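File shown here: input-v1.cif, holding mmCIF, C-alpha atoms.
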```cif
data_work
loop_
_atom_site.label_atom_id
_atom_site.label_comp_id
_atom_site.auth_asym_id
_atom_site.auth_seq_id
_atom_site.Cartn_x
_atom_site.Cartn_y
_atom_site.Cartn_z
CA MET A 23 106.25 66.83 -25.55
CA SER A 24 104.99 64.08 -27.73
CA THR A 25 101.71 62.30 -27.16
CA VAL A 26 101.46 58.55 -27.52
CA THR A 27 98.12 57.30 -28.85
CA VAL A 28 97.18 53.75 -27.96
CA THR A 29 94.78 52.11 -30.34
CA ASP A 30 92.88 49.06 -29.18
CA SER A 31 93.39 46.21 -31.57
CA PRO A 32 90.19 44.42 -32.57
CA ALA A 33 89.48 41.24 -30.68
CA PRO A 34 90.19 38.14 -32.70
CA ALA A 35 87.10 36.57 -34.20
CA PRO A 36 86.01 33.44 -32.39
CA ALA A 37 87.05 30.34 -34.15
CA GLN A 38 84.12 28.69 -35.87
CA ALA A 39 83.33 25.27 -34.59
CA ALA A 40 84.23 22.65 -37.10
CA ARG A 41 81.10 21.16 -38.63
CA PRO A 42 80.95 17.37 -38.58
CA GLU A 43 81.03 15.79 -41.98
CA TYR A 44 77.98 13.74 -42.83
CA LYS A 45 78.25 10.98 -45.36
CA VAL A 46 75.25 9.59 -47.19
CA THR A 47 75.15 5.85 -46.57
CA GLY A 48 72.59 3.20 -47.34
CA ARG A 49 71.83 2.71 -43.64
CA ARG A 50 71.16 6.41 -43.12
CA VAL A 51 68.87 6.58 -46.15
CA LEU A 52 66.96 3.57 -44.84
CA ARG A 53 66.60 5.20 -41.42
CA SER A 54 65.38 8.41 -43.05
CA GLU A 55 62.73 6.61 -45.09
CA TRP A 56 61.68 4.58 -42.05
CA ALA A 57 61.18 7.77 -40.04
CA LYS A 58 59.27 9.50 -42.84
CA LEU A 59 56.99 6.51 -43.33
CA TRP A 60 55.93 6.22 -39.69
CA SER A 61 55.47 9.98 -39.33
CA LEU A 62 52.47 9.85 -41.67
CA ARG A 63 49.03 9.23 -40.20
CA SER A 64 47.97 7.54 -43.44
CA THR A 65 50.56 4.82 -42.83
CA TRP A 66 48.96 3.72 -39.57
CA ILE A 67 45.42 3.96 -40.95
CA THR A 68 46.09 2.09 -44.19
CA LEU A 69 48.17 -0.66 -42.61
CA GLY A 70 45.43 -1.09 -40.03
CA LEU A 71 42.86 -1.38 -42.80
CA GLY A 72 44.97 -3.96 -44.63
CA LEU A 73 45.25 -6.07 -41.49
CA LEU A 74 41.53 -5.64 -40.78
CA PHE A 75 40.59 -6.70 -44.30
CA LEU A 76 42.65 -9.88 -44.05
CA VAL A 77 41.28 -10.99 -40.70
CA ALA A 78 37.70 -9.70 -40.96
CA PHE A 79 36.93 -10.95 -44.46
CA GLY A 80 38.61 -14.28 -43.72
CA VAL A 81 36.44 -14.77 -40.64
CA ILE A 82 33.31 -13.63 -42.47
CA ALA A 83 33.99 -16.17 -45.23
CA ALA A 84 34.39 -18.96 -42.67
CA VAL A 85 31.21 -17.99 -40.79
CA HIS A 86 29.28 -17.92 -44.07
CA TYR A 87 30.60 -21.37 -45.02
CA LYS A 88 29.67 -22.82 -41.62
CA SER A 89 26.16 -21.35 -41.74
CA GLU A 90 25.57 -22.72 -45.26
CA LEU A 91 26.80 -26.15 -44.15
CA ASP A 92 24.57 -26.17 -41.07
CA SER A 93 21.50 -25.07 -43.04
CA GLY A 94 21.37 -28.37 -44.90
CA ARG A 95 21.01 -26.69 -48.27
CA PRO A 96 23.19 -27.82 -51.19
CA LEU A 97 26.46 -25.95 -51.16
CA ARG A 98 27.45 -23.71 -54.03
CA ARG A 99 30.32 -24.77 -56.26
CA ASP A 100 32.73 -22.38 -54.57
CA ASP A 101 31.72 -23.59 -51.11
CA VAL A 102 32.13 -27.26 -52.03
CA ALA A 103 35.80 -26.71 -52.84
CA ALA A 104 36.40 -24.38 -49.90
CA THR A 105 39.12 -25.10 -47.35
CA ALA A 106 40.22 -23.35 -44.21
CA LEU A 107 43.12 -21.98 -46.25
CA SER A 108 41.01 -20.58 -49.10
CA LEU A 109 38.63 -19.02 -46.58
CA SER A 110 41.45 -17.41 -44.59
CA VAL A 111 43.02 -15.78 -47.68
CA PHE A 112 39.68 -14.48 -48.95
CA GLY A 113 40.61 -10.97 -47.80
CA THR A 114 43.77 -10.74 -49.90
CA ASN A 115 41.85 -9.12 -52.79
CA PHE A 116 40.88 -6.26 -50.48
CA ALA A 117 44.16 -6.04 -48.57
CA GLN A 118 46.16 -5.76 -51.78
CA LEU A 119 44.34 -2.52 -52.60
CA ALA A 120 45.11 -1.01 -49.19
CA LEU A 121 48.80 -1.97 -49.28
CA GLY A 122 49.26 -1.12 -52.95
CA VAL A 123 47.62 2.29 -52.58
CA LEU A 124 49.82 3.09 -49.58
CA GLY A 125 52.86 2.16 -51.65
CA VAL A 126 51.79 4.64 -54.31
CA LEU A 127 51.25 7.36 -51.71
CA ILE A 128 54.72 6.88 -50.24
CA THR A 129 56.45 7.94 -53.46
CA ALA A 130 53.89 9.90 -55.49
CA GLY A 131 52.85 11.83 -52.38
CA GLU A 132 56.32 13.38 -52.15
CA TYR A 133 56.04 14.61 -55.74
CA SER A 134 52.62 16.15 -55.09
CA THR A 135 53.87 18.05 -52.01
CA GLY A 136 57.28 18.95 -53.48
CA MET A 137 59.11 17.19 -50.65
CA ILE A 138 60.92 15.04 -53.20
CA ARG A 139 63.23 17.98 -53.97
CA SER A 140 64.51 18.01 -50.39
CA THR A 141 64.87 14.25 -50.43
CA LEU A 142 66.92 14.21 -53.63
CA ALA A 143 69.00 17.17 -52.45
CA ALA A 144 69.98 15.14 -49.40
CA VAL A 145 70.64 12.01 -51.52
CA PRO A 146 71.99 13.29 -54.86
CA ARG A 147 72.57 9.80 -56.27
CA ARG A 148 68.76 9.36 -56.27
CA LEU A 149 68.54 5.57 -56.71
CA PRO A 150 69.20 4.80 -53.02
CA VAL A 151 66.00 6.73 -52.28
CA LEU A 152 63.95 4.38 -54.47
CA TRP A 153 65.59 1.22 -53.14
CA SER A 154 65.13 2.37 -49.56
CA LYS A 155 61.47 3.30 -49.98
CA ALA A 156 60.70 -0.01 -51.70
CA SER A 157 62.68 -2.07 -49.17
CA VAL A 158 61.25 -0.40 -46.07
CA PHE A 159 57.64 -0.51 -47.16
CA GLY A 160 57.94 -3.95 -48.75
CA LEU A 161 59.23 -5.37 -45.46
CA ILE A 162 56.49 -3.67 -43.44
CA ALA A 163 53.79 -4.87 -45.84
CA LEU A 164 55.22 -8.40 -45.71
CA VAL A 165 55.10 -8.48 -41.91
CA VAL A 166 51.59 -7.03 -41.67
CA ALA A 167 50.23 -9.36 -44.37
CA THR A 168 51.87 -12.46 -42.90
CA VAL A 169 50.51 -11.69 -39.44
CA GLY A 170 47.07 -11.12 -40.95
CA VAL A 171 46.83 -14.36 -42.93
CA PHE A 172 48.15 -16.48 -40.06
CA ALA A 173 45.69 -14.85 -37.67
CA ALA A 174 42.81 -15.42 -40.09
CA PHE A 175 43.82 -19.05 -40.59
CA THR A 176 44.04 -19.67 -36.85
CA ILE A 177 40.52 -18.32 -36.33
CA ASP A 178 39.07 -20.04 -39.39
CA SER A 179 40.57 -23.40 -38.45
CA GLY A 180 38.59 -23.31 -35.22
CA LEU A 181 35.40 -22.20 -36.96
CA VAL A 182 35.40 -24.95 -39.61
CA SER A 183 36.80 -27.71 -37.40
CA GLY A 184 34.99 -30.98 -38.05
CA THR A 185 33.80 -29.90 -41.52
CA PRO A 186 35.10 -30.96 -44.95
CA ALA A 187 37.02 -27.66 -45.10
CA ALA A 188 39.05 -28.39 -41.97
CA LEU A 189 42.82 -28.03 -42.27
CA SER A 190 45.67 -27.63 -39.83
CA LEU A 191 48.96 -25.81 -40.12
CA SER A 192 50.78 -29.14 -40.32
CA ASP A 193 48.87 -30.27 -43.42
CA SER A 194 50.84 -30.42 -46.64
CA GLY A 195 51.22 -27.06 -48.38
CA VAL A 196 49.36 -24.98 -45.80
CA PHE A 197 52.36 -23.27 -44.19
CA ARG A 198 53.89 -22.58 -47.61
CA SER A 199 50.64 -21.09 -48.90
CA LEU A 200 50.27 -18.74 -45.93
CA LEU A 201 53.84 -17.52 -46.37
CA GLY A 202 53.15 -17.14 -50.10
CA ALA A 203 50.12 -14.94 -49.40
CA GLY A 204 52.19 -12.69 -47.14
CA LEU A 205 54.97 -12.47 -49.71
CA TYR A 206 52.51 -11.67 -52.49
CA LEU A 207 51.03 -8.75 -50.57
CA GLY A 208 54.49 -7.52 -49.64
CA LEU A 209 55.47 -7.45 -53.31
CA VAL A 210 52.22 -5.67 -54.17
CA GLY A 211 53.36 -2.92 -51.81
CA VAL A 212 56.71 -2.73 -53.64
CA ILE A 213 54.94 -2.50 -57.00
CA GLY A 214 52.77 0.32 -55.66
CA THR A 215 55.90 2.17 -54.53
CA ALA A 216 57.46 1.73 -57.97
CA LEU A 217 54.32 2.91 -59.78
CA GLY A 218 54.19 6.02 -57.63
CA ALA A 219 57.80 6.87 -58.53
CA LEU A 220 57.26 6.02 -62.20
CA LEU A 221 54.06 8.01 -62.77
CA ARG A 222 54.62 10.70 -60.08
CA SER A 223 50.88 10.98 -59.67
CA VAL A 224 48.77 9.54 -56.88
CA ALA A 225 45.70 9.18 -59.09
CA GLY A 226 47.69 7.74 -61.99
CA GLY A 227 49.57 5.25 -59.82
CA ILE A 228 46.40 4.00 -58.11
CA SER A 229 44.61 3.71 -61.46
CA VAL A 230 47.36 1.60 -63.01
CA LEU A 231 47.59 -0.55 -59.87
CA VAL A 232 43.86 -1.29 -59.78
CA ALA A 233 43.75 -1.90 -63.53
CA SER A 234 46.65 -4.36 -63.52
CA LEU A 235 45.43 -6.33 -60.50
CA MET A 236 41.65 -6.31 -61.01
CA LEU A 237 40.48 -4.97 -64.38
CA VAL A 238 42.88 -6.60 -66.84
CA PRO A 239 42.06 -10.19 -65.71
CA GLY A 240 38.38 -9.48 -66.39
CA LEU A 241 39.16 -8.13 -69.85
CA ILE A 242 41.30 -11.16 -70.66
CA SER A 243 38.28 -13.38 -69.98
CA LEU A 244 36.65 -11.83 -73.05
CA LEU A 245 39.35 -13.27 -75.32
CA PRO A 246 39.08 -16.68 -77.01
CA SER A 247 39.73 -19.56 -74.62
CA SER A 248 42.96 -20.53 -76.37
CA TRP A 249 44.34 -17.02 -75.80
CA GLN A 250 43.18 -17.01 -72.20
CA ASP A 251 45.09 -20.20 -71.42
CA ASN A 252 48.30 -18.69 -72.79
CA ILE A 253 47.99 -15.21 -71.29
CA SER A 254 45.96 -15.44 -68.09
CA PRO A 255 48.45 -17.41 -65.90
CA TYR A 256 51.13 -14.76 -66.46
CA LEU A 257 49.06 -11.76 -65.39
CA PRO A 258 50.29 -10.21 -62.13
CA SER A 259 47.24 -11.11 -60.05
CA ASN A 260 46.94 -14.67 -61.38
CA ALA A 261 50.65 -15.35 -61.00
CA GLY A 262 50.43 -13.96 -57.47
CA GLU A 263 47.44 -16.13 -56.58
CA SER A 264 49.32 -19.24 -57.66
CA MET A 265 51.91 -18.40 -54.98
CA PHE A 266 49.42 -19.20 -52.21
CA ALA A 267 46.99 -21.61 -53.89
CA LEU A 268 46.89 -25.04 -52.27
CA THR A 269 46.07 -26.92 -55.49
CA HIS A 270 46.97 -26.22 -59.09
CA ASP A 271 45.79 -27.36 -62.51
CA SER A 272 46.91 -27.05 -66.11
CA THR A 273 45.59 -23.48 -66.36
CA SER A 274 47.63 -22.13 -63.41
CA LEU A 275 51.31 -21.85 -62.59
CA SER A 276 53.09 -23.74 -59.86
CA PRO A 277 53.97 -21.76 -56.69
CA THR A 278 57.60 -21.43 -57.77
CA ALA A 279 56.72 -20.38 -61.32
CA GLY A 280 54.14 -17.92 -60.01
CA LEU A 281 56.74 -16.39 -57.69
CA VAL A 282 59.23 -16.02 -60.55
CA VAL A 283 56.64 -14.36 -62.81
CA PHE A 284 55.44 -12.00 -60.10
CA LEU A 285 59.01 -11.09 -59.21
CA GLY A 286 59.50 -10.31 -62.89
CA TRP A 287 56.60 -7.86 -62.82
CA THR A 288 58.01 -6.29 -59.66
CA VAL A 289 61.47 -5.88 -61.18
CA LEU A 290 59.94 -4.40 -64.34
CA ALA A 291 58.05 -1.77 -62.32
CA LEU A 292 61.17 -0.91 -60.29
CA ALA A 293 63.30 -0.68 -63.44
CA GLY A 294 60.87 1.79 -65.01
CA ALA A 295 60.80 3.87 -61.83
CA ALA A 296 64.60 3.86 -61.59
CA TYR A 297 65.01 4.92 -65.22
CA ARG A 298 62.67 7.89 -64.86
CA LEU A 299 64.15 8.89 -61.53
CA VAL A 300 67.64 9.09 -63.00
CA ARG A 301 66.76 10.54 -66.40
CA THR A 302 64.23 13.23 -65.54
CA ASP A 303 64.10 16.12 -63.10
CA ALA A 304 62.02 16.08 -59.96
#
```

Serialized structure, structure tokens:
Amino acid sequence: MSTVTVTDSPAPAPAQAARPEYKVTGRRVLRSEWAKLWSLRSTWITLGLGLLFLVAFGVIAAVHYKSELDSGRPLRRDDVAATALSLSVFGTNFAQLALGVLGVLITAGEYSTGMIRSTLAAVPRRLPVLWSKASVFGLIALVVATVGVFAAFTIDSGLVSGTPAALSLSDSGVFRSLLGAGLYLGLVGVIGTALGALLRSVAGGISVLVASLMLVPGLISLLPSSWQDNISPYLPSNAGESMFALTHDSTSLSPTAGLVVFLGWTVLALAGAAYRLVRTDA
């Protein structure tokens, strides 16, 4: 009698769930950079400092002007020419450091931690990463700076009301100057982002930023006066200041010319960052 052996056939392997296909798009890169930016504690702290510098130093300048005027003593040359606008934008020199340094940290910080490798692995084309970082932070810096200068001007206008420095938002050139100050600080943030990607070093990026905005103008003042007149207006900081200055003379650029020159510096920094990002390894 024959014996029939029944062999259990192996159970079929479960079908693997189809993985959704993810496509790298500009919107998704922007959302990624937005999320990374706000996840950092330094973002909140530095943006808060930038806003504080704009409002606090603007108010301090107005209070000092009012106290000097009430004292009856002769005003200093700077105080004689002061306006509510010039007092309210007094803090831009300090705010530009906070916003510019944060811009450097956004890009150079990823190189120092090695996170840039994961970022570029997710976005192999690389350049969208730079454009997204610069766009996101530039917009945030623009909003924070604009809110700060308008808040400072609103407070200062009340403090110096009835004095020779009094101005209102409806006066000629005031609204344009306040917008120009916000735009200048927003572009400073973009330049900081570009310098961080170009130099890939937090210390190096901050050093170049501070030198270009604060040290180089002082060194130019050591040159002969004829050289100063030809070079000084086109420096980044001086061109930027002409964007929000209420009055101009032969030694300064017009607001439009200052904007064009400062945009040129911004594009130059971004072009250098883009070239190194594409040509060299992370």

Show me, as JSON, the centre and edge lengths in Å to one decimal of the axis-aligned box that covers every listed atom of region 83-101 of chain A with 8 Å on each side.
```
{"center_x": 27.7, "center_y": -22.3, "center_z": -48.5, "size_x": 29.4, "size_y": 28.2, "size_z": 31.5}
```

For this session: Would you mind telling me which residue in A:Trp60, A:Thr168, A:Asp303, A:Leu109 lies nearest to Leu142 (chain A) when using all atoms listed in the file?
Result: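 Closest to Leu142 (chain A) of all the choices is A:Asp303.
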
Exercise. Taking into account all atoms listed in the file, which residue in the set A:Met265, A:Val46, A:Ile213, A:Ile242 is nearest to Leu290 (chain A)?
Worked result: A:Ile213

Problem set entry | Straight-line distance linking CA of Val77 (chain A) with CA of Ser110 (chain A), stated in Å to one decimal | 7.5 Å

Exercise. Which distance in Å separates CA of Gly214 (chain A) and CA of Tyr256 (chain A), to one decimal?
Worked result: 18.6 Å

For this session: Tell me which of A:Leu161, A:Leu74, A:Leu200, A:Ala156 sits closest to Ala291 (chain A), counting all atoms listed in the file.
Result: A:Ala156

Exercise. Expanded to explicit residues, what is the PyMOL selection byres ((chain A and resi 82-98) around 10) for this file, as JSON, numbers by chain?
Worked result: {"A": [77, 78, 79, 80, 81, 99, 100, 101, 102, 103, 104, 105, 106, 107, 108, 109, 110, 111, 112, 113, 174, 175, 177, 178, 179, 180, 181, 182, 183, 185, 186, 187]}

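All residues of protein, DNA or RNA that reach within 9 Å of region 269-274 of chain A, judged by only C-alpha atoms and not counting those fewer than 4 positions away in the chain, are Gly195, Asp251, Asn252, Ser254, Pro255, Tyr256, Asn260, Ala261, Ser264 and Gly280 of chain A.
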
Exercise. Just so the selection is clear, what residues does the PyMOL selection byres ((chain A and resi 258) around 8) cover here, as a list of chain:residue names?
Worked result: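 Given this file, the PyMOL selection byres ((chain A and resi 258) around 8) evaluates to A:Ser234, A:Leu235, A:Tyr256, A:Leu257, A:Ser259, A:Asn260, A:Ala261, A:Gly262, A:Val283, A:Phe284, A:Trp287.
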
Export of prior selection with C-alpha atoms as a PDB file, keeping the file's coordinate frame:
```pdb
ATOM      1  CA  SER A 234      46.650  -4.360 -63.520  1.00  0.00           C
ATOM      2  CA  LEU A 235      45.430  -6.330 -60.500  1.00  0.00           C
ATOM      3  CA  TYR A 256      51.130 -14.760 -66.460  1.00  0.00           C
ATOM      4  CA  LEU A 257      49.060 -11.760 -65.390  1.00  0.00           C
ATOM      5  CA  SER A 259      47.240 -11.110 -60.050  1.00  0.00           C
ATOM      6  CA  ASN A 260      46.940 -14.670 -61.380  1.00  0.00           C
ATOM      7  CA  ALA A 261      50.650 -15.350 -61.000  1.00  0.00           C
ATOM      8  CA  GLY A 262      50.430 -13.960 -57.470  1.00  0.00           C
ATOM      9  CA  VAL A 283      56.640 -14.360 -62.810  1.00  0.00           C
ATOM     10  CA  PHE A 284      55.440 -12.000 -60.100  1.00  0.00           C
ATOM     11  CA  TRP A 287      56.600  -7.860 -62.820  1.00  0.00           C
TER      12      TRP A 287
END
```
